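Colleague: Starting off with a structure, shown below.
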Amino acid sequence: MSFLNKLRLVLSLGQGINSLTHGLIEAEAGFDPLHLFGEWFGHAQASGVALPEAMTLATASKDGAPSARIVLLKSFDHRGFIFYTNYDSRKCRDLEENPHAALICHWIVLQRQVRIEGTVERTNQEEAAAYFRSRPRGSQIGAWASTQSAPLDNYDHLVLKAKEWEQKFKGRDVPLPPFWGGYVVRPLRIEFWQGRANRLHDRLVYERDGSGWKITRLNP
Ligand SMILES: Cc1cc2nc3c(=O)[nH]c(=O)nc-3n(C[C@H](O)[C@H](O)[C@H](O)COP(=O)(O)O)c2cc1C
């Protein structure tokens, strides 16, 4: 079966599932988009889809030029959506100059997309250190070895740097690099998109309104 046919199969399967449900209804979606996100994320985890926590992060330079890449959603709570990265990377140069970001989660087998837009701020270093400690040692060493987004002469140089850091931290815990940590994306707008038959999809947008949220349904 061709890749395109497989994709069609997945999409039609999703439509079949959705036709058994009644889509995304305001009364069931509730007033709190973070609660709804939690439900959808739980469904994505339960669906068996690979890396449900992978999301696109879009940033823009101070001149407004956009760029996007995948990062992993490591947690979310009342503050917003948290990912970890190298603070000297290109994305972070953007975020320091222009502290606005957009995130996309896409769970294809569920025919769902969540679009998040908001402002960013760094997590505190205790929180970043706690997450860093939970990572495999190889990833911790890799974080020290990589000057993320800077040019690299050749791959062997990176491997050599990793070996040097491994030696340096031999016999002890790998500490949090000072140039590494998290960002919280504090949402101002969250859109939930549920695919439905005949392109009559659901789109519910939550926009910050004082301490609550204004909910609007959009045409698909
Ligand atoms: C599945 C996947 C997960 C990734 N997770 C992260 C992540 O959590 N943090 C991160 O900094 N980069 C992650 N990356 C790498 C980024 O996509 C990107 O290459 C890197 O962060 C450098 O981006 P920048 O030059 O725009 O800063 C991931 C890539 C993929 C494909």
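Identifiers in this document derive from the order of the structure tokens: chains are assigned A, B, ..., residues are numbered from 1 separately in each chain, and ligands are numbered from 1 in order of occurrence.
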Would you give me, as a ChimeraX atom specification, the residues in stretch 65-210 of chain A that DSSP reads as helix (DSSP H, G or I)?
Modeller: /A:90-97,108-110,125-134,137-145,155-168,197-199
Colleague: Pick out the residues no farther than 6 Å from ligand 1, counting only C-alpha atoms and all ligand atoms, and list them as an MDAnalysis selection string.
Modeller: chainID A and resid 54 69:72 83:86 89:91 149
Colleague: Quick one: distance from atom CA of A:Pro99 to atom CA of A:Leu204 in Å, one decimal?
Modeller: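 Going from atom CA of A:Pro99 over to atom CA of A:Leu204, I get 25.0 Å.
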Colleague: Could you state the separation of atom CA of A:Trp165 and atom CA of A:Asp153 in Å, given to one decimal place?
Modeller: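 Taking atom CA of A:Trp165 and atom CA of A:Asp153, their separation equals 18.3 Å.
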Colleague: For A:Phe192, work out the shell of residues within 7 Å, counting only C-alpha atoms and skipping chain neighbours fewer than 2 positions away, then give it as a PyMOL selection string.
Modeller: chain A and resi 113-115+190+194+203-205
Colleague: Just the selected residues (all heavy atoms), exported as a CSV table (one decimal), in the first residue's frame, please.
Modeller:
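selection.csv was written with the following content:
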```csv
chain,number,residue,atom,x,y,z
A,113,GLN,N,-6.3,18.9,16.2
A,113,GLN,CA,-5.2,19.9,16.2
A,113,GLN,C,-5.6,20.9,17.4
A,113,GLN,O,-6.7,21.3,17.5
A,113,GLN,CB,-5.2,20.7,14.9
A,113,GLN,CG,-4.3,21.9,14.9
A,113,GLN,CD,-4.4,22.6,13.6
A,113,GLN,OE1,-3.4,22.8,12.9
A,113,GLN,NE2,-5.5,23.2,13.2
A,114,VAL,N,-4.5,21.3,18.1
A,114,VAL,CA,-4.7,22.3,19.1
A,114,VAL,C,-3.7,23.4,18.8
A,114,VAL,O,-2.5,23.1,18.6
A,114,VAL,CB,-4.5,21.8,20.5
A,114,VAL,CG1,-4.7,23.0,21.5
A,114,VAL,CG2,-5.4,20.7,20.9
A,115,ARG,N,-4.2,24.6,18.6
A,115,ARG,CA,-3.3,25.8,18.3
A,115,ARG,C,-3.3,26.7,19.5
A,115,ARG,O,-4.3,27.1,20.0
A,115,ARG,CB,-3.9,26.6,17.1
A,115,ARG,CG,-3.9,25.7,15.8
A,115,ARG,CD,-4.7,26.5,14.8
A,115,ARG,NE,-4.2,27.8,14.4
A,115,ARG,CZ,-4.7,28.6,13.5
A,115,ARG,NH1,-5.7,28.2,12.8
A,115,ARG,NH2,-4.1,29.7,13.2
A,190,ILE,N,-6.4,29.7,22.6
A,190,ILE,CA,-6.2,28.2,22.3
A,190,ILE,C,-7.4,27.8,21.4
A,190,ILE,O,-8.5,28.0,21.8
A,190,ILE,CB,-6.3,27.4,23.6
A,190,ILE,CG1,-5.3,27.9,24.7
A,190,ILE,CG2,-6.0,25.9,23.3
A,190,ILE,CD1,-5.2,27.1,25.9
A,194,GLN,N,-11.5,19.8,15.8
A,194,GLN,CA,-11.8,18.4,15.7
A,194,GLN,C,-12.3,18.1,14.3
A,194,GLN,O,-13.3,18.7,13.8
A,194,GLN,CB,-12.9,18.1,16.7
A,194,GLN,CG,-13.6,16.7,16.6
A,194,GLN,CD,-12.6,15.6,17.0
A,194,GLN,OE1,-12.3,15.4,18.1
A,194,GLN,NE2,-12.1,14.8,16.0
A,203,ARG,N,-14.4,23.9,15.3
A,203,ARG,CA,-13.3,24.8,15.7
A,203,ARG,C,-13.8,25.6,16.9
A,203,ARG,O,-14.7,26.5,16.7
A,203,ARG,CB,-12.8,25.7,14.6
A,203,ARG,CG,-12.2,25.0,13.5
A,203,ARG,CD,-11.8,26.0,12.4
A,203,ARG,NE,-10.7,26.9,12.8
A,203,ARG,CZ,-10.3,28.0,12.2
A,203,ARG,NH1,-10.9,28.3,11.0
A,203,ARG,NH2,-9.3,28.7,12.6
A,204,LEU,N,-13.3,25.4,18.1
A,204,LEU,CA,-13.6,26.2,19.2
A,204,LEU,C,-12.4,27.0,19.7
A,204,LEU,O,-11.4,26.4,19.9
A,204,LEU,CB,-14.1,25.4,20.4
A,204,LEU,CG,-15.5,24.8,20.3
A,204,LEU,CD1,-15.9,24.2,21.7
A,204,LEU,CD2,-16.6,25.8,19.8
A,205,VAL,N,-12.6,28.3,19.8
A,205,VAL,CA,-11.4,29.2,20.2
A,205,VAL,C,-11.7,29.7,21.6
A,205,VAL,O,-12.8,30.3,21.8
A,205,VAL,CB,-11.3,30.4,19.2
A,205,VAL,CG1,-10.1,31.3,19.7
A,205,VAL,CG2,-11.0,29.8,17.8
```
Colleague: Could you list, with a cut-off of 12 Å and counting only C-alpha atoms, the residues of stretch 15-106 of chain A near stretch 207-211 of chain A, each shown with its nearest atom pair and the distance in Å rounded to one decimal, rows sorted by chain and ascending number, as CSV?
Modeller:
```
residue,atom,partner,partner_atom,distance
A:Phe31,CA,A:Glu207,CA,10.7
A:Asp32,CA,A:Arg208,CA,10.4
A:Pro33,CA,A:Glu207,CA,9.3
A:Leu34,CA,A:Arg208,CA,11.9
A:His78,CA,A:Ser211,CA,11.9
```
